[in-house]
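Colleague: This is the structure I have questions about; it appears just below.
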Amino acid sequence: MKLSAVIITYNEEKNIERCLKSLKDVADEIVVLDSFSADKTEEICKKYDVKFFRHKFDGYTEQKNKAVDLAENDFVISLDADEALSEELKNSIKKLKENPGYDAYKFNRLNIYCGKSVKHTSWYPDRKIRLWNKNKGKWEGDKIHETVKVKQAAKTGFLKGDLLHYSYNSIEEHIAQTNKFTTISAKELFEQGKKSSISIIIIKTIGSFAKEFLFKFAFLDGFYGIVVGGINTFSVFLKYSKLKALIDKSGK
């Protein structure tokens with residue numbers, strides 16, 4: 001089996017080399033679709049003999065599908081620039097290439113937060129399809145929650161090992177992104193006609209807290225697990241609070 005790795009980039013000089021290093025021993029081709037980076041992203045990519053293309057950013061779903069279309073091989077693995085394959089996952093992919101038995105494959109994604117791995121919040125195992133036959137599926141989704149959807153008849157397997165996601169380098173960065181993403185999510189919920197009220201905000205927030213700390217045991221990851229679980233809960237509070245504010249403003 002021949003495998004193409006596809007990555008979309010924009011000013012990823014801090015992340016892209018780690019991603020490329022993890023792929024070079026398992027991918028037969030690496031395709032990078034860049035949104036006109038102004039840093040050293042292209043220079044770093046060319047050190048690894050990637051096929052480098054440029055296209056203006058049309059949205060995550062659209063951009064990732066364009067990158068897949070540029071791949072020469074039927075089987076593709078799609079990574080973000082801030083992701084990398086663990087050694088166990090690399091070995092699983094090497095074995096798979098010798099004898100593929102499915103149309104698509106899921107594997108776990110492990111977040112590296114402020115330099116620490118986080119395994120006991122709702123962030124893990126975050127199991128998703130990232131390796132698939134491009135004739136059997138494609139990226140679908142909204143502005144911030146794109147996922148790979150395969151055809152109903154496609155068979156999906158599971159690979160051992162983690163996809164390492166180097167998420168946030170600071171708590172401040174996490175909070176800033178949470179504020180941005182909850183604003184986008186609230187607007188999408190509003191456009192879909194979803195409801196929010198004081199009781200809904202309270203119920204959703206308590207539910208999120210229970211998930212993070214009572215069911216996923218966020219505290220087992222120590223200080224940063226508690227931070228992630230707390231911010232995840234706060235993000236639910238923010239999303240439904242912003243949704244209520246939009247509803248109140250609209251007079252609906």
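We name chains A, B, ... following the order of the structure tokens; residues begin at 1 in each chain, and ligands are numbered from 1 as shown.
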Using DSSP secondary structure from the backbone, list all helix (DSSP H, G or I) positions within region 19-62 of chain A, as a list in words.

Modeller: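 Output for region 19-62 of chain A, helix (DSSP H, G or I) only: Cys19, Leu20, Lys21, Ser22, Leu23, Thr41, Glu42, Glu43, Ile44, Cys45, Lys46, Tyr60, Thr61 and Glu62 of chain A.
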
Colleague: Considering only C-alpha atoms, return as a list in words whatever protein or nucleic-acid residues lie within 8 Å of region 8-12 of chain A, sequence-local ones (same chain, fewer than 3 positions apart) excluded.

Modeller: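 Non-adjacent residues within range: Asn15, Ile16, Val32, Leu33, Asp34, Ser35, Phe36, Ser37, Ala38, Asp39, Lys40, Thr41, Gln63, Lys64, Ala67, Leu79, Asp80, Ala81 and Asp82 of chain A.
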
Colleague: Quick one: distance from CA of Ser185 (chain A) to CA of Asp162 (chain A) in Å, one decimal?

Modeller: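 Distance between the two atoms: 27.4 Å.
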
Colleague: In terms of the shortest atom-to-atom distance over only C-alpha atoms, which of A:Lys149, A:Lys14, A:Lys187, A:Lys128 is closest to Lys242 (chain A)?

Modeller: A:Lys187

Colleague: Could you tell me which of A:Asn111, A:Ser117, A:Asn179, A:Ser196 comes closest to Ser235 (chain A) if we count only C-alpha atoms?

Modeller: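 Closest to Ser235 (chain A), using only C-alpha atoms: A:Asn179.
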